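Student: Got a structure for you, questions after.
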Amino acid sequence: MTPQADDELWSAIAEPSRRQVLDLLVSHGEVSASWLAERVPFSRQAVSKHLVVLERSGLISRRKQGREVLYQVEAGRLDQAARAMAELAAQWDRRLGLIKRLAETAHAETRGDRHDE
Amino acid sequence: MPGLVIEREILIEAPVEVVWRTITEPDQISQWFADRVDLVVEPGAHGYMEFGDQGGPVVVEVVDPPVRLSFRWNHPRGEEPGAGNSMLVEFTLTPEDAERTRLRVVESGHELLAWPDAEKQRYADEHQGGWGEFGDRLATLLAKR
């Protein structure tokens, strides 16, 4: 069946606003919540909520620097997410490949062609 | 389309009716998908698919021969699948000519379907490539590390 990327991970990434936050973290490294809030079309409060969810899923971590809290992506967890998505895609590629073979064989047979590959 | 989890396609050297039979007839489905398939391909039909020692319920949504088939799966046993608790699989068959068919499959997750339409639209505008692109980008970034 579908590979088990755990639910928390999926739901963390699936929400579009969170994806935007995550995208920014992936491309900019370590940044603060205020820095993020200036670059997204939603409120600072929403950014904070998304950061909480992302942190809970293990996709990001935080560290205090002086008075600021900085967030960054957790490569291992992100890698797990990317792999899970790649695995889902590969699974469908395998299934589509099988469908192709079955349909082409059936078609060749109905046309009376020999299909001895 | 917004919020896609997975989107794949393949070109098949067979007419659309042949491809349709391959994806809808239970004895065919068991050759490319599940090990055992107990399913009637009719809108609203409840079925079951077995994968080795695992298995789960499947509910057919759209049956529009020979161009569209969709079903939901991966919902908790005993629950009716809906936008909030399952994965939606949609097959689209497009005849390229009399002998060739393009088959596309989209599998999307529950979180994505539960979004309000306005948000889906906004997301679609901002992320043309959807999930596939995000996945590719992640993979690229990770490969560089």
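How things are named: the first chain in the structure tokens is A, the next is B, and so on; residues count from 1 in each chain; ligands count from 1 in the order shown.
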Give me, as a PyMOL selection string, the residues of chain A touching chain B, with the criterion being at most 8 Å (counting only C-alpha atoms).

Tutor: chain A and resi 1-2+11+14-16+75+78-79+82-83+85-86+88-89+92-93+95-100+102-104+106-107

Student: Tell me, as a list in words, which residues lie within 9 Å of range 77-80 of chain B, counting only C-alpha atoms; anything in the same chain fewer than 5 positions away does not count.

Tutor: Gly56, Pro57, Val59 and Asn85 of chain B

Student: What is the distance between CA of Arg94 in chain A and CA of Thr92 in chain B, in Å to one decimal?

Tutor: 17.0 Å

Student: Excluding Ile13 in chain A and any residue of its chain fewer than 5 positions from it, enumerate the residues within 9 Å of it, using only C-alpha atoms, and give them as a list in words.

Tutor: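 Surrounding residues, per the criterion: Glu8, Arg18, Arg19, Leu22, Leu54, Leu59 and Ala81 of chain A.
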
Student: Figure out the distance between CA of Gly44 in chain B and CA of Pro26 in chain B, please, to one decimal in Å.

Tutor: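 Here the two named atoms are 16.1 Å from each other.
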
Student: Excluding same-chain residues fewer than 6 positions from Trp35 in chain A, what lies within 12 Å of it counting only C-alpha atoms, as a list in words?

Tutor: Val21, Leu24, Leu25, His28, Gly29, Ser43, Arg44, Val47, Ser48, Glu68, Val69, Leu70 and Tyr71 of chain A

Student: Can you list every residue in range 31-63 of chain B that DSSP puts in strand (DSSP E), as a PyMOL selection string?

Tutor: chain B and resi 36-38+46-51+54-63

Student: As an exercise, work out the distance from CA of Ala33 in chain A to CA of Arg56 in chain A in Å and give it to one decimal place.

Tutor: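 Pair CA of Ala33 in chain A / CA of Arg56 in chain A returns 15.9 Å.
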
Student: Set the distance at 10 Å and use only C-alpha atoms: which residues neighbour Arg62 in chain A once local chain neighbours fewer than 2 positions away are removed? I'd like the list as a PyMOL selection string.

Tutor: chain A and resi 30-32+51+55+60+64-65+69-74
